[in-house]
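Next comes start_34.tsv, with TSV, C-alpha atoms.
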```
chain	number	residue	atom	x	y	z
T	1	MET	CA	0.00	0.00	0.00
T	2	PHE	CA	2.83	2.37	0.84
T	3	LYS	CA	5.40	1.01	-1.62
T	4	LEU	CA	6.67	3.18	-4.45
T	5	ASN	CA	7.43	0.87	-7.34
T	6	PHE	CA	8.29	3.31	-10.09
T	7	PRO	CA	12.00	4.04	-10.62
T	8	SER	CA	11.25	7.69	-11.35
T	9	ARG	CA	9.70	8.05	-7.89
T	10	PHE	CA	12.76	6.43	-6.32
T	11	PHE	CA	15.13	8.85	-7.96
T	12	LEU	CA	12.93	11.80	-7.02
T	13	LEU	CA	12.83	10.64	-3.41
T	14	ALA	CA	16.55	9.85	-3.23
T	15	ALA	CA	17.44	13.19	-4.80
T	16	ALA	CA	15.12	15.03	-2.43
T	17	LEU	CA	16.61	13.28	0.59
T	18	ILE	CA	20.19	13.97	-0.41
T	19	ILE	CA	19.54	17.61	-1.31
T	20	SER	CA	17.58	18.12	1.91
T	21	GLY	CA	20.38	16.58	3.95
T	22	LEU	CA	23.01	18.77	2.33
T	23	PHE	CA	21.24	22.11	2.32
T	24	SER	CA	18.41	22.03	4.85
T	25	GLY	CA	19.96	20.33	7.85
T	26	ILE	CA	17.54	17.39	7.54
T	27	SER	CA	19.14	14.19	8.75
T	28	LEU	CA	19.71	11.08	6.70
T	29	LYS	CA	20.99	7.76	7.95
T	30	ALA	CA	22.38	4.94	5.86
T	31	GLN	CA	23.75	1.47	6.56
T	32	GLY	CA	24.76	-0.92	3.82
T	33	ASP	CA	22.39	-0.21	0.93
T	34	LEU	CA	19.51	1.13	3.07
T	35	MET	CA	18.89	4.86	3.31
T	36	VAL	CA	16.46	6.09	5.98
T	37	PHE	CA	15.02	9.58	6.43
T	38	PRO	CA	14.69	11.13	8.94
T	39	LYS	CA	17.20	9.60	11.34
T	40	ARG	CA	15.07	10.22	14.45
T	41	LEU	CA	11.37	10.50	15.29
T	42	VAL	CA	9.95	12.72	18.01
T	43	PHE	CA	6.31	12.68	19.12
T	44	GLU	CA	5.30	15.71	21.14
T	45	GLY	CA	2.38	18.09	21.34
T	46	ALA	CA	-0.27	17.26	18.75
T	47	VAL	CA	2.00	14.92	16.74
T	48	LYS	CA	0.44	11.43	16.75
T	49	THR	CA	1.78	9.85	13.54
T	50	ALA	CA	5.08	9.89	11.68
T	51	GLU	CA	6.65	8.34	8.59
T	52	LEU	CA	10.05	6.87	7.85
T	53	ASN	CA	11.13	6.91	4.21
T	54	LEU	CA	13.28	3.94	3.21
T	55	ALA	CA	15.23	3.57	-0.03
T	56	ASN	CA	17.28	0.67	-1.35
T	57	ILE	CA	20.26	2.34	-3.04
T	58	GLY	CA	21.93	-0.97	-3.87
T	59	ASN	CA	21.80	-3.26	-6.87
T	60	ASP	CA	20.26	-6.30	-5.15
T	61	THR	CA	16.89	-6.98	-3.57
T	62	ALA	CA	17.06	-6.34	0.19
T	63	ARG	CA	14.91	-7.74	2.99
T	64	TYR	CA	14.51	-6.23	6.43
T	65	ASN	CA	12.70	-7.20	9.60
T	66	ILE	CA	11.49	-4.31	11.75
T	67	SER	CA	11.41	-4.38	15.54
T	68	PHE	CA	12.27	-2.29	18.59
T	69	VAL	CA	15.46	-2.42	20.64
T	70	GLN	CA	16.35	-0.60	23.86
T	71	TYR	CA	19.61	1.25	24.45
T	72	ARG	CA	21.43	2.93	27.28
T	73	MET	CA	23.62	5.86	26.26
T	74	ASN	CA	27.00	5.77	27.98
T	75	GLU	CA	28.91	8.86	29.08
T	76	ASP	CA	31.23	8.59	26.05
T	77	GLY	CA	28.24	8.62	23.66
T	78	SER	CA	28.32	4.90	22.86
T	79	PHE	CA	25.26	2.68	23.29
T	80	THR	CA	24.67	-0.53	25.22
T	81	GLU	CA	21.62	-2.69	24.54
T	82	VAL	CA	19.50	-3.24	27.65
T	83	LYS	CA	16.39	-5.25	28.50
T	84	THR	CA	15.18	-3.30	31.52
T	85	PRO	CA	15.21	0.49	31.87
T	86	ASP	CA	17.62	2.30	34.17
T	87	VAL	CA	16.25	4.50	36.93
T	88	GLY	CA	14.62	7.48	35.24
T	89	GLN	CA	14.52	5.78	31.81
T	90	TYR	CA	11.22	4.91	30.08
T	91	PHE	CA	10.81	2.72	27.01
T	92	ALA	CA	8.53	3.94	24.22
T	93	ASP	CA	7.82	0.73	22.31
T	94	LYS	CA	4.65	-0.30	24.18
T	95	PHE	CA	3.06	3.03	23.22
T	96	LEU	CA	3.88	2.75	19.50
T	97	ARG	CA	2.46	0.83	16.54
T	98	TYR	CA	4.22	0.53	13.21
T	99	TYR	CA	3.56	-1.09	9.88
T	100	PRO	CA	4.61	-2.96	7.91
T	101	ARG	CA	6.61	-5.28	10.18
T	102	SER	CA	8.96	-6.39	7.40
T	103	ILE	CA	9.86	-5.08	3.97
T	104	ILE	CA	11.32	-6.32	0.70
T	105	LEU	CA	12.89	-3.64	-1.47
T	106	ALA	CA	13.96	-4.28	-5.03
T	107	PRO	CA	16.94	-2.30	-6.33
T	108	LYS	CA	16.15	1.43	-6.48
T	109	GLU	CA	12.82	0.88	-4.72
T	110	SER	CA	11.40	2.99	-1.88
T	111	GLN	CA	8.84	2.40	0.84
T	112	ILE	CA	7.22	4.24	3.74
T	113	VAL	CA	6.98	2.83	7.26
T	114	LYS	CA	4.25	4.45	9.36
T	115	VAL	CA	4.56	4.87	13.12
T	116	GLN	CA	1.62	5.81	15.38
T	117	LEU	CA	1.09	6.58	19.04
T	118	SER	CA	-1.21	4.31	21.04
T	119	LYS	CA	-2.34	3.88	24.65
T	120	THR	CA	-1.41	7.49	25.39
T	121	SER	CA	-3.87	7.61	28.31
T	122	GLN	CA	-1.53	5.29	30.21
T	123	MET	CA	1.45	7.63	29.96
T	124	VAL	CA	2.73	9.85	32.75
T	125	PRO	CA	4.71	13.08	32.11
T	126	GLY	CA	8.26	12.56	30.95
T	127	GLU	CA	10.23	11.24	28.00
T	128	TYR	CA	9.99	7.74	26.53
T	129	ARG	CA	12.61	6.34	24.12
T	130	SER	CA	13.05	3.15	22.09
T	131	HIS	CA	14.91	2.53	18.84
T	132	ILE	CA	13.30	1.15	15.67
T	133	TYR	CA	15.60	-1.53	14.31
T	134	PHE	CA	15.81	-2.43	10.62
T	135	ARG	CA	17.66	-5.74	10.51
T	136	ALA	CA	18.83	-7.02	7.15
T	137	ILE	CA	17.96	-10.62	6.30
T	138	PRO	CA	20.84	-12.29	4.42
T	139	ASN	CA	19.92	-13.67	1.03
T	140	ALA	CA	19.58	-17.44	0.96
T	141	ARG	CA	21.77	-19.57	-1.31
T	142	PRO	CA	19.99	-19.93	-4.68
T	143	LEU	CA	18.31	-23.30	-5.27
T	144	GLY	CA	20.48	-25.66	-7.25
T	145	GLU	CA	23.74	-23.95	-6.33
T	146	GLU	CA	26.34	-26.58	-5.44
T	147	ASP	CA	28.37	-26.40	-2.27
T	148	LYS	CA	31.91	-27.15	-3.45
T	149	ARG	CA	33.56	-26.87	-0.04
T	150	ASP	CA	35.88	-29.63	1.15
T	151	THR	CA	33.61	-31.59	3.53
T	152	THR	CA	36.62	-33.33	5.11
T	153	SER	CA	37.72	-30.12	6.83
T	154	VAL	CA	36.03	-27.73	9.20
T	155	SER	CA	35.11	-24.34	7.76
T	156	VAL	CA	33.29	-21.29	9.01
T	157	ARG	CA	31.28	-19.05	6.71
T	158	LEU	CA	30.74	-15.57	8.13
T	159	VAL	CA	27.73	-13.69	6.76
T	160	PRO	CA	27.64	-10.00	7.74
T	161	VAL	CA	24.25	-8.80	8.96
T	162	PHE	CA	23.60	-5.09	8.53
T	163	GLY	CA	21.18	-3.11	10.59
T	164	ILE	CA	20.20	0.43	11.31
T	165	THR	CA	18.41	1.91	14.34
T	166	ILE	CA	16.32	5.07	14.56
T	167	PRO	CA	15.71	6.73	17.96
T	168	THR	CA	11.98	7.13	18.55
T	169	ILE	CA	11.03	9.53	21.33
T	170	ILE	CA	7.70	10.41	22.97
T	171	ARG	CA	7.54	13.56	25.10
T	172	VAL	CA	4.68	14.10	27.51
T	173	GLY	CA	4.26	17.35	29.45
T	174	GLU	CA	6.49	20.40	29.78
T	175	SER	CA	10.25	20.11	29.59
T	176	THR	CA	12.34	21.07	32.62
T	177	THR	CA	15.63	20.22	30.93
T	178	LYS	CA	18.70	22.43	31.15
T	179	VAL	CA	22.21	21.84	29.83
T	180	SER	CA	25.61	23.38	30.48
T	181	LEU	CA	29.10	22.91	29.03
T	182	THR	CA	32.07	22.38	31.36
T	183	ASP	CA	35.54	20.78	31.53
T	184	LEU	CA	36.70	22.45	28.29
T	185	ASN	CA	40.21	21.43	27.32
T	186	PHE	CA	42.36	22.03	24.23
T	187	SER	CA	44.98	19.57	23.04
T	188	ILE	CA	46.92	18.49	19.95
T	189	LYS	CA	46.08	14.90	19.05
T	190	ASN	CA	48.87	12.80	17.52
T	191	ASP	CA	50.96	16.00	17.45
T	192	THR	CA	48.99	17.21	14.41
T	193	ILE	CA	45.21	17.55	15.03
T	194	PRO	CA	43.88	20.34	17.27
T	195	VAL	CA	41.03	19.03	19.44
T	196	ILE	CA	38.67	20.50	22.01
T	197	SER	CA	37.11	18.20	24.59
T	198	LEU	CA	34.19	19.11	26.84
T	199	LYS	CA	31.42	17.78	29.03
T	200	PHE	CA	27.66	18.17	28.55
T	201	ASN	CA	25.77	18.42	31.85
T	202	ARG	CA	22.05	17.68	31.55
T	203	THR	CA	19.36	18.10	34.17
T	204	GLY	CA	15.59	17.78	33.92
T	205	ASN	CA	13.05	15.33	32.55
T	206	MET	CA	13.92	15.19	28.82
T	207	SER	CA	16.85	14.70	26.48
T	208	VAL	CA	18.59	17.35	24.41
T	209	TYR	CA	19.57	17.15	20.75
T	210	GLY	CA	21.35	19.80	18.73
T	211	ASP	CA	24.40	21.12	16.91
T	212	LEU	CA	27.74	22.03	18.47
T	213	SER	CA	29.86	24.77	16.91
T	214	VAL	CA	33.35	25.94	17.89
T	215	SER	CA	34.68	29.37	16.94
T	216	TYR	CA	38.20	30.74	17.30
T	217	ILE	CA	38.34	34.36	18.48
T	218	SER	CA	41.67	36.06	17.90
T	219	PRO	CA	43.17	38.56	20.36
T	220	ALA	CA	41.97	41.26	17.93
T	221	GLY	CA	38.38	39.97	18.18
T	222	LYS	CA	38.08	38.25	14.77
T	223	LYS	CA	35.73	35.26	14.95
T	224	THR	CA	36.19	32.19	12.72
T	225	GLU	CA	34.32	28.88	12.90
T	226	VAL	CA	36.87	26.10	13.26
T	227	GLY	CA	34.77	23.09	14.29
T	228	ARG	CA	31.25	21.68	14.10
T	229	ALA	CA	29.38	18.54	15.13
T	230	ASN	CA	25.71	18.21	14.15
T	231	GLY	CA	23.13	15.94	15.77
T	232	VAL	CA	24.69	15.61	19.22
T	233	ALA	CA	22.31	14.13	21.81
T	234	VAL	CA	22.34	13.60	25.55
T	235	TYR	CA	19.55	11.11	26.31
T	236	THR	CA	17.69	10.55	29.54
T	237	PRO	CA	18.48	9.56	32.19
T	238	ASN	CA	22.12	10.50	31.53
T	239	PRO	CA	23.31	13.52	33.54
T	240	ALA	CA	26.48	13.89	31.44
T	241	ARG	CA	28.19	13.14	28.15
T	242	ARG	CA	31.82	13.69	27.22
T	243	PHE	CA	32.60	14.82	23.69
T	244	GLN	CA	35.49	15.82	21.40
T	245	VAL	CA	35.59	17.95	18.27
T	246	ALA	CA	38.52	18.04	15.84
T	247	LEU	CA	39.32	21.62	14.81
T	248	LEU	CA	40.47	23.11	11.53
T	249	LYS	CA	44.12	23.92	11.18
T	250	ASN	CA	45.08	26.88	9.00
T	251	SER	CA	47.64	29.67	8.84
T	252	SER	CA	45.22	32.33	10.12
T	253	THR	CA	44.41	30.46	13.34
T	254	ASP	CA	46.94	30.54	16.16
T	255	TYR	CA	45.80	28.20	18.90
T	256	ARG	CA	48.53	29.51	21.21
T	257	ASN	CA	46.48	32.60	22.07
T	258	GLY	CA	42.99	34.02	21.79
T	259	LYS	CA	40.05	31.89	22.88
T	260	LEU	CA	37.60	29.22	21.72
T	261	HIS	CA	33.87	29.91	21.93
T	262	VAL	CA	31.57	26.86	22.01
T	263	GLU	CA	27.82	27.00	21.36
T	264	TYR	CA	25.25	24.21	21.62
T	265	THR	CA	22.05	25.07	19.75
T	266	THR	CA	18.93	23.45	18.32
T	267	PRO	CA	19.40	21.76	14.90
T	268	SER	CA	19.28	24.01	11.83
T	269	ASP	CA	15.85	22.69	10.81
T	270	ALA	CA	14.27	23.52	14.18
T	271	LYS	CA	13.26	26.76	15.90
T	272	PRO	CA	16.54	28.59	16.70
T	273	MET	CA	17.45	28.32	20.37
T	274	LYS	CA	20.73	28.34	22.25
T	275	TYR	CA	21.05	25.58	24.83
T	276	ALA	CA	24.43	26.55	26.26
T	277	GLU	CA	27.73	28.27	25.53
T	278	ALA	CA	31.19	28.43	27.07
T	279	ASP	CA	34.63	29.94	26.44
T	280	LEU	CA	38.12	28.51	26.74
T	281	LEU	CA	41.11	30.84	26.97
T	282	LEU	CA	44.11	29.60	24.98
T	283	LYS	CA	47.60	29.98	26.37
```
File written out as structure tokens:
Amino acid sequence: MFKLNFPSRFFLLAAALIISGLFSGISLKAQGDLMVFPKRLVFEGAVKTAELNLANIGNDTARYNISFVQYRMNEDGSFTEVKTPDVGQYFADKFLRYYPRSIILAPKESQIVKVQLSKTSQMVPGEYRSHIYFRAIPNARPLGEEDKRDTTSVSVRLVPVFGITIPTIIRVGESTTKVSLTDLNFSIKNDTIPVISLKFNRTGNMSVYGDLSVSYISPAGKKTEVGRANGVAVYTPNPARRFQVALLKNSSTDYRNGKLHVEYTTPSDAKPMKYAEADLLLK
């Protein structure tokens, strides 16, 4: 019902996604030959339904099973799969319906997966998060294909399984979240790459998601952007996340003096808002 079978529609969708991602700040996510847009879903306010646009950019038919997985975000930004929520963490999957549950995409074919809220009367104020998981199903060996392996020896055949996860968030009630930036430190990595490290400090009932920019301000007051990281999140219930940004190195930037100004703001496709900012004097 939601499948787009015409190649022309695929190319229109793929072109739109790529152009949007490059020029409008809209997020794309790809793994293997699967492209997914957007790369996160947020239900808040009057939003009750959402769509994920999938495109097979490969040359072979691809099959995917769709399910939910639960993750804990660690302080370094990595994820650990969990079965039970941590204190202050709420899973979203039992309040969401999605269809279809599996998809088959021919080469250059696209499809929409719809996600809807359900059982909202059972929810208490706060933020709920689960991750939609698109797990690739390896292609079976074609019928009639002979197995020419030496059966007298032991062999292991490794088949890579690709998957992609999309954070899906439900927000209920007013946000009390605040964030600050501390522990700023400048260093030269591997004696060649200038790097700034910092710590996000989050308080309140919901996560934050935005773009981090780093500007160099010379002693004369000239401001130049030297680093950027888009789509940086600190998920509940984490109170902190440590982060690093590699900085540009050019002849007009002298990291031995002046200062670095760091700003954490909403993404470029959202209502402009500054979450936090901080300065680091260079010496």
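Remark: for Pro138 of chain T, the closest of the candidate residues T:Val245, T:Ile104, T:Ala270, T:Leu280 is T:Ile104 (distances computed over only C-alpha atoms).
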Neighbouring residues of segment 51-64 of chain T were defined as those with any atom within 9 Å, considering only C-alpha atoms; residues of the same chain fewer than 2 positions away were excluded. Please report them as a ChimeraX atom specification.
/T:10,13-14,32-41,49,66,101-116,134-139,163
Residue contacts of Arg242 of chain T (6 Å, all atoms listed in the file) excluding same-chain residues fewer than 5 positions away, as a PyMOL selection string
chain T and resi 75-76+198-199
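Here atom CA of Glu263 of chain T and atom CA of Pro194 of chain T stand 17.9 Å from one another.
Distances to Gly210 of chain T were evaluated for T:Arg228, T:Lys189, T:Lys48, T:Arg97 using all atoms listed in the file, and the minimum falls at T:Arg228.
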